[in-house]
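Colleague: So that you have it, the file is final30.cif, and it contains mmCIF, N, CA and C atoms:
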```cif
data_my_file
#
loop_
_atom_site.label_atom_id
_atom_site.label_comp_id
_atom_site.auth_asym_id
_atom_site.auth_seq_id
_atom_site.Cartn_x
_atom_site.Cartn_y
_atom_site.Cartn_z
N MET A 1 -28.90 44.39 29.71
CA MET A 1 -28.43 43.04 29.56
C MET A 1 -29.45 42.09 30.18
N LYS A 2 -29.86 41.11 29.38
CA LYS A 2 -30.84 40.13 29.87
C LYS A 2 -30.11 38.95 30.49
N THR A 3 -30.66 38.46 31.56
CA THR A 3 -30.11 37.24 32.16
C THR A 3 -31.09 36.10 31.92
N MET A 4 -30.56 34.94 31.85
CA MET A 4 -31.41 33.79 31.62
C MET A 4 -31.91 33.26 32.96
N ASN A 5 -33.22 33.16 33.09
CA ASN A 5 -33.80 32.66 34.32
C ASN A 5 -34.16 31.18 34.26
N THR A 6 -34.20 30.63 33.07
CA THR A 6 -34.56 29.21 32.95
C THR A 6 -33.36 28.43 32.45
N GLN A 7 -33.30 27.19 32.86
CA GLN A 7 -32.23 26.32 32.40
C GLN A 7 -32.63 25.67 31.10
N ARG A 8 -31.67 25.37 30.30
CA ARG A 8 -31.91 24.67 29.06
C ARG A 8 -31.22 23.31 29.12
N GLY A 9 -31.83 22.34 28.45
CA GLY A 9 -31.22 21.01 28.43
C GLY A 9 -32.22 19.95 28.83
N MET A 10 -31.71 18.79 29.00
CA MET A 10 -32.54 17.64 29.29
C MET A 10 -32.56 17.38 30.79
N THR A 11 -33.74 17.11 31.32
CA THR A 11 -33.84 16.78 32.73
C THR A 11 -33.45 15.32 32.93
N LEU A 12 -33.22 14.96 34.17
CA LEU A 12 -32.86 13.59 34.49
C LEU A 12 -33.97 12.62 34.08
N THR A 13 -35.22 13.01 34.27
CA THR A 13 -36.34 12.15 33.91
C THR A 13 -36.40 11.92 32.41
N SER A 14 -36.23 12.96 31.63
CA SER A 14 -36.27 12.79 30.17
C SER A 14 -35.05 12.01 29.69
N PHE A 15 -33.90 12.20 30.33
CA PHE A 15 -32.71 11.43 29.97
C PHE A 15 -32.93 9.94 30.23
N LEU A 16 -33.54 9.60 31.35
CA LEU A 16 -33.83 8.21 31.66
C LEU A 16 -34.85 7.62 30.68
N ALA A 17 -35.83 8.41 30.27
CA ALA A 17 -36.81 7.94 29.30
C ALA A 17 -36.13 7.62 27.96
N VAL A 18 -35.25 8.50 27.51
CA VAL A 18 -34.52 8.25 26.26
C VAL A 18 -33.61 7.04 26.41
N LEU A 19 -32.96 6.92 27.55
CA LEU A 19 -32.06 5.79 27.81
C LEU A 19 -32.83 4.46 27.79
N ILE A 20 -34.03 4.44 28.35
CA ILE A 20 -34.86 3.23 28.36
C ILE A 20 -35.27 2.85 26.94
N VAL A 21 -35.68 3.81 26.13
CA VAL A 21 -36.08 3.54 24.75
C VAL A 21 -34.90 3.00 23.95
N VAL A 22 -33.73 3.60 24.10
CA VAL A 22 -32.55 3.15 23.37
C VAL A 22 -32.14 1.75 23.84
N ALA A 23 -32.18 1.49 25.13
CA ALA A 23 -31.82 0.18 25.66
C ALA A 23 -32.78 -0.89 25.16
N PHE A 24 -34.07 -0.58 25.10
CA PHE A 24 -35.05 -1.55 24.59
C PHE A 24 -34.79 -1.83 23.11
N GLY A 25 -34.48 -0.80 22.35
CA GLY A 25 -34.16 -0.99 20.93
C GLY A 25 -32.93 -1.87 20.75
N LEU A 26 -31.92 -1.66 21.56
CA LEU A 26 -30.72 -2.51 21.49
C LEU A 26 -31.02 -3.95 21.89
N TYR A 27 -31.88 -4.13 22.89
CA TYR A 27 -32.26 -5.47 23.34
C TYR A 27 -33.00 -6.22 22.23
N VAL A 28 -33.93 -5.56 21.57
CA VAL A 28 -34.67 -6.19 20.47
C VAL A 28 -33.71 -6.49 19.32
N GLY A 29 -32.80 -5.59 19.05
CA GLY A 29 -31.79 -5.81 18.01
C GLY A 29 -30.92 -7.02 18.30
N MET A 30 -30.57 -7.21 19.58
CA MET A 30 -29.76 -8.38 19.96
C MET A 30 -30.54 -9.67 19.77
N LYS A 31 -31.85 -9.63 19.90
CA LYS A 31 -32.67 -10.82 19.67
C LYS A 31 -32.87 -11.10 18.19
N LEU A 32 -32.95 -10.04 17.37
CA LEU A 32 -33.21 -10.20 15.94
C LEU A 32 -31.94 -10.49 15.14
N PHE A 33 -30.81 -9.97 15.55
CA PHE A 33 -29.58 -10.11 14.78
C PHE A 33 -29.22 -11.57 14.48
N PRO A 34 -29.23 -12.49 15.47
CA PRO A 34 -28.88 -13.88 15.14
C PRO A 34 -29.85 -14.53 14.14
N MET A 35 -31.12 -14.14 14.19
CA MET A 35 -32.09 -14.69 13.25
C MET A 35 -31.74 -14.30 11.82
N TYR A 36 -31.44 -13.04 11.61
CA TYR A 36 -31.10 -12.57 10.27
C TYR A 36 -29.71 -13.02 9.84
N GLN A 37 -28.80 -13.17 10.79
CA GLN A 37 -27.48 -13.69 10.46
C GLN A 37 -27.60 -15.12 9.95
N GLU A 38 -28.48 -15.90 10.57
CA GLU A 38 -28.70 -17.27 10.10
C GLU A 38 -29.34 -17.28 8.72
N TYR A 39 -30.28 -16.36 8.48
CA TYR A 39 -30.91 -16.27 7.16
C TYR A 39 -29.87 -15.97 6.08
N TYR A 40 -28.96 -15.05 6.36
CA TYR A 40 -27.93 -14.73 5.38
C TYR A 40 -26.96 -15.90 5.20
N SER A 41 -26.76 -16.71 6.23
CA SER A 41 -25.96 -17.92 6.09
C SER A 41 -26.65 -18.92 5.17
N VAL A 42 -27.97 -19.04 5.30
CA VAL A 42 -28.75 -19.92 4.43
C VAL A 42 -28.64 -19.44 2.99
N ARG A 43 -28.82 -18.14 2.77
CA ARG A 43 -28.72 -17.58 1.41
C ARG A 43 -27.32 -17.81 0.84
N SER A 44 -26.30 -17.61 1.66
CA SER A 44 -24.93 -17.79 1.21
C SER A 44 -24.67 -19.25 0.84
N ALA A 45 -25.17 -20.19 1.64
CA ALA A 45 -25.00 -21.61 1.35
C ALA A 45 -25.72 -21.98 0.06
N MET A 46 -26.90 -21.41 -0.17
CA MET A 46 -27.65 -21.71 -1.39
C MET A 46 -26.94 -21.16 -2.62
N LYS A 47 -26.42 -19.93 -2.53
CA LYS A 47 -25.70 -19.35 -3.66
C LYS A 47 -24.41 -20.10 -3.94
N SER A 48 -23.73 -20.55 -2.89
CA SER A 48 -22.52 -21.34 -3.06
C SER A 48 -22.84 -22.67 -3.72
N LEU A 49 -23.95 -23.26 -3.33
CA LEU A 49 -24.38 -24.53 -3.91
C LEU A 49 -24.74 -24.36 -5.38
N ALA A 50 -25.31 -23.22 -5.75
CA ALA A 50 -25.68 -22.96 -7.14
C ALA A 50 -24.45 -22.88 -8.04
N LYS A 51 -23.30 -22.56 -7.48
CA LYS A 51 -22.07 -22.46 -8.26
C LYS A 51 -21.35 -23.80 -8.39
N GLU A 52 -21.85 -24.80 -7.68
CA GLU A 52 -21.24 -26.13 -7.72
C GLU A 52 -21.44 -26.74 -9.12
N PRO A 53 -20.38 -27.18 -9.78
CA PRO A 53 -20.52 -27.77 -11.12
C PRO A 53 -21.36 -29.05 -11.08
N GLY A 54 -22.31 -29.16 -11.99
CA GLY A 54 -23.13 -30.35 -12.11
C GLY A 54 -24.20 -30.52 -11.06
N VAL A 55 -24.50 -29.46 -10.31
CA VAL A 55 -25.48 -29.58 -9.24
C VAL A 55 -26.88 -29.89 -9.78
N GLY A 56 -27.16 -29.49 -10.99
CA GLY A 56 -28.46 -29.76 -11.59
C GLY A 56 -28.69 -31.22 -11.89
N ASN A 57 -27.62 -32.01 -12.02
CA ASN A 57 -27.73 -33.44 -12.29
C ASN A 57 -27.75 -34.29 -11.03
N MET A 58 -27.45 -33.70 -9.90
CA MET A 58 -27.38 -34.46 -8.65
C MET A 58 -28.79 -34.79 -8.14
N GLU A 59 -28.85 -35.86 -7.36
CA GLU A 59 -30.10 -36.22 -6.71
C GLU A 59 -30.38 -35.22 -5.58
N PRO A 60 -31.66 -34.97 -5.28
CA PRO A 60 -31.99 -34.02 -4.22
C PRO A 60 -31.35 -34.37 -2.87
N ALA A 61 -31.24 -35.65 -2.55
CA ALA A 61 -30.63 -36.04 -1.27
C ALA A 61 -29.17 -35.61 -1.21
N ARG A 62 -28.46 -35.73 -2.31
CA ARG A 62 -27.05 -35.33 -2.37
C ARG A 62 -26.93 -33.81 -2.27
N VAL A 63 -27.80 -33.09 -2.96
CA VAL A 63 -27.79 -31.62 -2.91
C VAL A 63 -28.10 -31.16 -1.48
N GLN A 64 -29.07 -31.80 -0.87
CA GLN A 64 -29.44 -31.44 0.50
C GLN A 64 -28.28 -31.71 1.46
N ASP A 65 -27.56 -32.80 1.26
CA ASP A 65 -26.40 -33.12 2.09
C ASP A 65 -25.32 -32.05 1.94
N LEU A 66 -25.05 -31.63 0.71
CA LEU A 66 -24.07 -30.56 0.48
C LEU A 66 -24.51 -29.25 1.11
N PHE A 67 -25.81 -28.97 1.03
CA PHE A 67 -26.36 -27.75 1.62
C PHE A 67 -26.17 -27.74 3.14
N PHE A 68 -26.48 -28.84 3.80
CA PHE A 68 -26.36 -28.88 5.26
C PHE A 68 -24.91 -28.92 5.73
N LYS A 69 -24.02 -29.42 4.90
CA LYS A 69 -22.59 -29.32 5.24
C LYS A 69 -22.15 -27.86 5.24
N ARG A 70 -22.65 -27.10 4.29
CA ARG A 70 -22.33 -25.67 4.25
C ARG A 70 -22.95 -24.93 5.44
N LEU A 71 -24.17 -25.31 5.81
CA LEU A 71 -24.81 -24.67 6.96
C LEU A 71 -24.13 -25.05 8.26
N TYR A 72 -23.63 -26.28 8.35
CA TYR A 72 -22.96 -26.72 9.57
C TYR A 72 -21.75 -25.85 9.86
N ILE A 73 -21.06 -25.42 8.82
CA ILE A 73 -19.90 -24.54 8.99
C ILE A 73 -20.32 -23.21 9.62
N ASN A 74 -21.52 -22.74 9.29
CA ASN A 74 -22.01 -21.45 9.81
C ASN A 74 -22.84 -21.60 11.08
N TYR A 75 -22.86 -22.77 11.69
CA TYR A 75 -23.55 -23.03 12.95
C TYR A 75 -25.04 -22.71 12.89
N SER A 76 -25.68 -23.09 11.82
CA SER A 76 -27.12 -22.90 11.70
C SER A 76 -27.83 -24.01 12.46
N GLU A 77 -28.81 -23.64 13.28
CA GLU A 77 -29.50 -24.65 14.09
C GLU A 77 -31.01 -24.70 13.86
N ASN A 78 -31.57 -23.78 13.13
CA ASN A 78 -33.02 -23.73 12.97
C ASN A 78 -33.53 -24.36 11.68
N VAL A 79 -32.66 -24.55 10.70
CA VAL A 79 -33.08 -25.13 9.43
C VAL A 79 -32.94 -26.65 9.53
N LYS A 80 -34.03 -27.34 9.31
CA LYS A 80 -34.08 -28.80 9.38
C LYS A 80 -34.30 -29.37 7.98
N PRO A 81 -33.98 -30.65 7.77
CA PRO A 81 -34.21 -31.25 6.45
C PRO A 81 -35.66 -31.15 5.97
N ALA A 82 -36.61 -31.14 6.89
CA ALA A 82 -38.03 -31.01 6.49
C ALA A 82 -38.33 -29.63 5.91
N ASN A 83 -37.49 -28.64 6.17
CA ASN A 83 -37.69 -27.28 5.67
C ASN A 83 -37.19 -27.08 4.25
N VAL A 84 -36.51 -28.08 3.68
CA VAL A 84 -35.91 -27.96 2.35
C VAL A 84 -36.73 -28.78 1.36
N LYS A 85 -37.15 -28.14 0.28
CA LYS A 85 -37.94 -28.80 -0.78
C LYS A 85 -37.26 -28.57 -2.13
N PHE A 86 -37.46 -29.52 -3.03
CA PHE A 86 -36.90 -29.42 -4.37
C PHE A 86 -38.01 -29.59 -5.39
N ASP A 87 -38.01 -28.73 -6.41
CA ASP A 87 -38.92 -28.85 -7.55
C ASP A 87 -38.06 -28.95 -8.80
N ARG A 88 -38.43 -29.85 -9.70
CA ARG A 88 -37.70 -30.02 -10.94
C ARG A 88 -38.03 -28.87 -11.89
N ILE A 89 -37.01 -28.26 -12.46
CA ILE A 89 -37.18 -27.22 -13.47
C ILE A 89 -36.35 -27.62 -14.68
N ASP A 90 -36.49 -26.90 -15.77
CA ASP A 90 -35.67 -27.18 -16.95
C ASP A 90 -34.21 -26.92 -16.63
N GLY A 91 -33.41 -27.93 -16.75
CA GLY A 91 -31.98 -27.77 -16.54
C GLY A 91 -31.53 -27.90 -15.10
N GLY A 92 -32.36 -28.41 -14.20
CA GLY A 92 -31.90 -28.56 -12.83
C GLY A 92 -33.02 -28.61 -11.81
N TRP A 93 -32.76 -27.97 -10.67
CA TRP A 93 -33.69 -27.97 -9.54
C TRP A 93 -33.96 -26.54 -9.07
N ASN A 94 -35.12 -26.35 -8.48
CA ASN A 94 -35.42 -25.13 -7.74
C ASN A 94 -35.49 -25.54 -6.27
N MET A 95 -34.54 -25.05 -5.50
CA MET A 95 -34.44 -25.41 -4.08
C MET A 95 -35.16 -24.34 -3.26
N LYS A 96 -36.08 -24.77 -2.40
CA LYS A 96 -36.83 -23.86 -1.54
C LYS A 96 -36.54 -24.18 -0.08
N VAL A 97 -36.25 -23.15 0.68
CA VAL A 97 -36.03 -23.30 2.12
C VAL A 97 -37.01 -22.38 2.83
N ASN A 98 -37.87 -22.97 3.63
CA ASN A 98 -38.91 -22.23 4.34
C ASN A 98 -38.87 -22.67 5.80
N TYR A 99 -38.52 -21.74 6.70
CA TYR A 99 -38.42 -22.09 8.11
C TYR A 99 -38.84 -20.91 8.99
N GLU A 100 -39.05 -21.22 10.26
CA GLU A 100 -39.51 -20.22 11.23
C GLU A 100 -38.60 -20.27 12.45
N VAL A 101 -38.28 -19.08 12.97
CA VAL A 101 -37.46 -18.97 14.16
C VAL A 101 -38.28 -18.22 15.21
N ARG A 102 -38.32 -18.76 16.42
CA ARG A 102 -39.06 -18.14 17.51
C ARG A 102 -38.09 -17.92 18.68
N ARG A 103 -38.00 -16.68 19.13
CA ARG A 103 -37.14 -16.34 20.25
C ARG A 103 -37.95 -15.61 21.32
N GLU A 104 -37.66 -15.91 22.57
CA GLU A 104 -38.34 -15.24 23.67
C GLU A 104 -37.84 -13.80 23.74
N LEU A 105 -38.78 -12.87 23.87
CA LEU A 105 -38.40 -11.46 23.96
C LEU A 105 -38.45 -11.00 25.42
N ILE A 106 -39.65 -10.89 25.96
CA ILE A 106 -39.83 -10.47 27.35
C ILE A 106 -40.98 -11.28 27.93
N GLY A 107 -40.72 -11.99 28.99
CA GLY A 107 -41.79 -12.75 29.64
C GLY A 107 -42.40 -13.76 28.68
N ASN A 108 -43.70 -13.60 28.44
CA ASN A 108 -44.39 -14.53 27.54
C ASN A 108 -44.53 -13.98 26.12
N LEU A 109 -43.81 -12.92 25.79
CA LEU A 109 -43.82 -12.36 24.45
C LEU A 109 -42.65 -12.93 23.65
N ASP A 110 -42.95 -13.39 22.44
CA ASP A 110 -41.94 -13.96 21.56
C ASP A 110 -41.79 -13.12 20.30
N VAL A 111 -40.61 -13.19 19.72
CA VAL A 111 -40.35 -12.63 18.40
C VAL A 111 -40.33 -13.82 17.44
N VAL A 112 -41.12 -13.73 16.36
CA VAL A 112 -41.19 -14.81 15.39
C VAL A 112 -40.68 -14.29 14.05
N GLY A 113 -39.73 -15.01 13.48
CA GLY A 113 -39.22 -14.68 12.16
C GLY A 113 -39.55 -15.80 11.20
N LYS A 114 -40.22 -15.47 10.10
CA LYS A 114 -40.53 -16.46 9.07
C LYS A 114 -39.66 -16.15 7.86
N PHE A 115 -38.89 -17.14 7.44
CA PHE A 115 -37.95 -16.96 6.35
C PHE A 115 -38.28 -17.93 5.23
N ASP A 116 -38.34 -17.42 4.02
CA ASP A 116 -38.68 -18.21 2.84
C ASP A 116 -37.79 -17.74 1.69
N THR A 117 -36.99 -18.63 1.16
CA THR A 117 -36.09 -18.27 0.07
C THR A 117 -35.97 -19.44 -0.90
N ASN A 118 -35.60 -19.13 -2.12
CA ASN A 118 -35.40 -20.20 -3.10
C ASN A 118 -34.20 -19.86 -3.99
N GLN A 119 -33.67 -20.92 -4.61
CA GLN A 119 -32.49 -20.76 -5.47
C GLN A 119 -32.58 -21.80 -6.59
N GLU A 120 -32.34 -21.35 -7.81
CA GLU A 120 -32.29 -22.28 -8.95
C GLU A 120 -30.90 -22.91 -9.01
N LEU A 121 -30.90 -24.23 -9.11
CA LEU A 121 -29.66 -24.99 -9.23
C LEU A 121 -29.65 -25.59 -10.63
N THR A 122 -28.83 -25.04 -11.50
CA THR A 122 -28.84 -25.42 -12.91
C THR A 122 -27.73 -26.41 -13.22
N LEU A 123 -27.82 -26.99 -14.41
CA LEU A 123 -26.83 -27.98 -14.87
C LEU A 123 -25.45 -27.36 -14.99
N ALA A 124 -25.39 -26.11 -15.40
CA ALA A 124 -24.11 -25.45 -15.61
C ALA A 124 -23.43 -25.10 -14.29
N GLY A 125 -24.20 -25.05 -13.20
CA GLY A 125 -23.63 -24.71 -11.92
C GLY A 125 -23.43 -23.24 -11.70
N VAL A 126 -24.13 -22.40 -12.46
CA VAL A 126 -24.06 -20.96 -12.27
C VAL A 126 -25.47 -20.41 -12.15
N ASP A 127 -25.58 -19.27 -11.49
CA ASP A 127 -26.89 -18.65 -11.29
C ASP A 127 -27.18 -17.61 -12.34
#
```
Could you write out this file's structure as structure tokens?

Modeller:
Amino acid sequence: MKTMNTQRGMTLTSFLAVLIVVAFGLYVGMKLFPMYQEYYSVRSAMKSLAKEPGVGNMEPARVQDLFFKRLYINYSENVKPANVKFDRIDGGWNMKVNYEVRRELIGNLDVVGKFDTNQELTLAGVD
């Protein structure tokens, strides 16, 4: 009968190393999640706006006002009116939203998210 002379499993040092890596991953995820949540709020507001009847006939200022009212409901704080552009297309507008979010990560290191999306706003109000 053989006896086992060595222990199997994780040492305290290796457990702490794994714990540190997992904690850092969770910390970075907590910094990135609000950025992407805001991006999906922007996309949702744009898609909702595209379903608005007659949006293709509205003036860009009115469309922008409706867009920011939808964003206000979702507590978006990084998208500014200067980040929203409109191009005329056949049957309506092409709305472009291009913005950047910068969050402090650790010390003097920042996480930067650049978001660029567009949505066609047609006369029929459907995408």

Colleague: Enumerate, as JSON, numbers by chain, the residues matched when the PyMOL selection byres ((chain A and resi 92) around 6) is run on the file above.

Modeller: {"A": [56, 57, 87, 88, 89, 90, 91, 93, 94, 121, 122, 123]}

Colleague: Find the distance between atom C of Val112 (chain A) and atom N of Tyr75 (chain A) and write it in Å to one decimal.

Modeller: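 One can read the atom C of Val112 (chain A) to atom N of Tyr75 (chain A) distance as 19.9 Å.
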
Colleague: Report as a PyMOL selection string all protein, DNA and RNA residues lying within 5 Å of Asn118 (chain A), evaluated on only N, CA and C atoms, omitting residues in the same chain fewer than 5 positions from it.

Modeller: chain A and resi 95-97

Colleague: Please, could you write that set of residues out with N, CA and C atoms as an mmCIF file, in the coordinates of the input?

Modeller:
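Wrote result.cif, looks like this:
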```cif
data_model
loop_
_atom_site.group_PDB
_atom_site.id
_atom_site.type_symbol
_atom_site.label_atom_id
_atom_site.label_comp_id
_atom_site.auth_asym_id
_atom_site.auth_seq_id
_atom_site.Cartn_x
_atom_site.Cartn_y
_atom_site.Cartn_z
ATOM 1 N N MET A 95 -34.540 -25.050 -5.500
ATOM 2 C CA MET A 95 -34.440 -25.410 -4.080
ATOM 3 C C MET A 95 -35.160 -24.340 -3.260
ATOM 4 N N LYS A 96 -36.080 -24.770 -2.400
ATOM 5 C CA LYS A 96 -36.830 -23.860 -1.540
ATOM 6 C C LYS A 96 -36.540 -24.180 -0.080
ATOM 7 N N VAL A 97 -36.250 -23.150 0.680
ATOM 8 C CA VAL A 97 -36.030 -23.300 2.120
ATOM 9 C C VAL A 97 -37.010 -22.380 2.830
#
```

Colleague: DSSP on the backbone, then: every residue of chain A marked strand (DSSP E), written as a ChimeraX atom specification.

Modeller: /A:84-89,92-106,109-122

Colleague: Please return, as a PyMOL selection string, all residues of chain A that DSSP assigns to helix (DSSP H, G or I) on the basis of the backbone.

Modeller: chain A and resi 12-50+55-57+60-73+81-83

Colleague: If the PyMOL selection byres (((chain A and resi 28 and name CA) around 12) and name CA) were run on this exact file, what residues would it hold? Put them as a list of chain:residue names.

Modeller: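 Applying the PyMOL selection byres (((chain A and resi 28 and name CA) around 12) and name CA) to the structure shown produces A:Val21, A:Val22, A:Ala23, A:Phe24, A:Gly25, A:Leu26, A:Tyr27, A:Gly29, A:Met30, A:Lys31, A:Leu32, A:Phe33, A:Pro34, A:Met35, A:Arg103, A:Glu104, A:Leu105, A:Ile106, A:Leu109, A:Asp110, A:Val111, A:Val112.
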
Colleague: What's the separation between CA of Asp116 (chain A) and atom C of Asn98 (chain A), in Å to one decimal place?

Modeller: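 Taking CA of Asp116 (chain A) and atom C of Asn98 (chain A), their separation equals 5.4 Å.
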
Colleague: In Å, how far is it from CA of Tyr40 (chain A) to atom C of Val101 (chain A)?

Modeller: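 Taking CA of Tyr40 (chain A) as the start and atom C of Val101 (chain A) as the end point, the length is 14.7 Å.
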
Colleague: Under the rule that only C-alpha atoms are counted, which of A:Thr13, A:Asn108, A:Thr6, A:Ser76 is the nearest residue to Tyr39 (chain A)?

Modeller: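 Ranked by minimum distance to Tyr39 (chain A), first place goes to A:Ser76.
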
Colleague: Choose the residue, out of A:Lys114, A:Leu71, A:Glu120, A:Val84, that has the smallest atom-to-atom separation from Val42 (chain A); count all atoms listed in the file.

Modeller: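 Going through A:Lys114, A:Leu71, A:Glu120, A:Val84 one by one, the smallest distance to Val42 (chain A) is for A:Leu71.
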
Colleague: Apply the PyMOL selection byres (((chain A and resi 49 and name CA) around 12) and name CA) to the file shown and report the selected residues as a VMD selection string.

Modeller: chain A and resid 42 to 48 50 to 56 58 62 to 71 93 to 95 118 to 127

Colleague: Taking all atoms listed in the file into account, name the residue in A:Glu38, A:Thr117, A:Ile20, A:Gly107 that is nearest to Asn78 (chain A).

Modeller: A:Glu38

Colleague: Tell me which of A:Phe115, A:Ser41, A:Tyr99, A:Pro60 sits closest to Val79 (chain A), counting only N, CA and C atoms.

Modeller: A:Tyr99
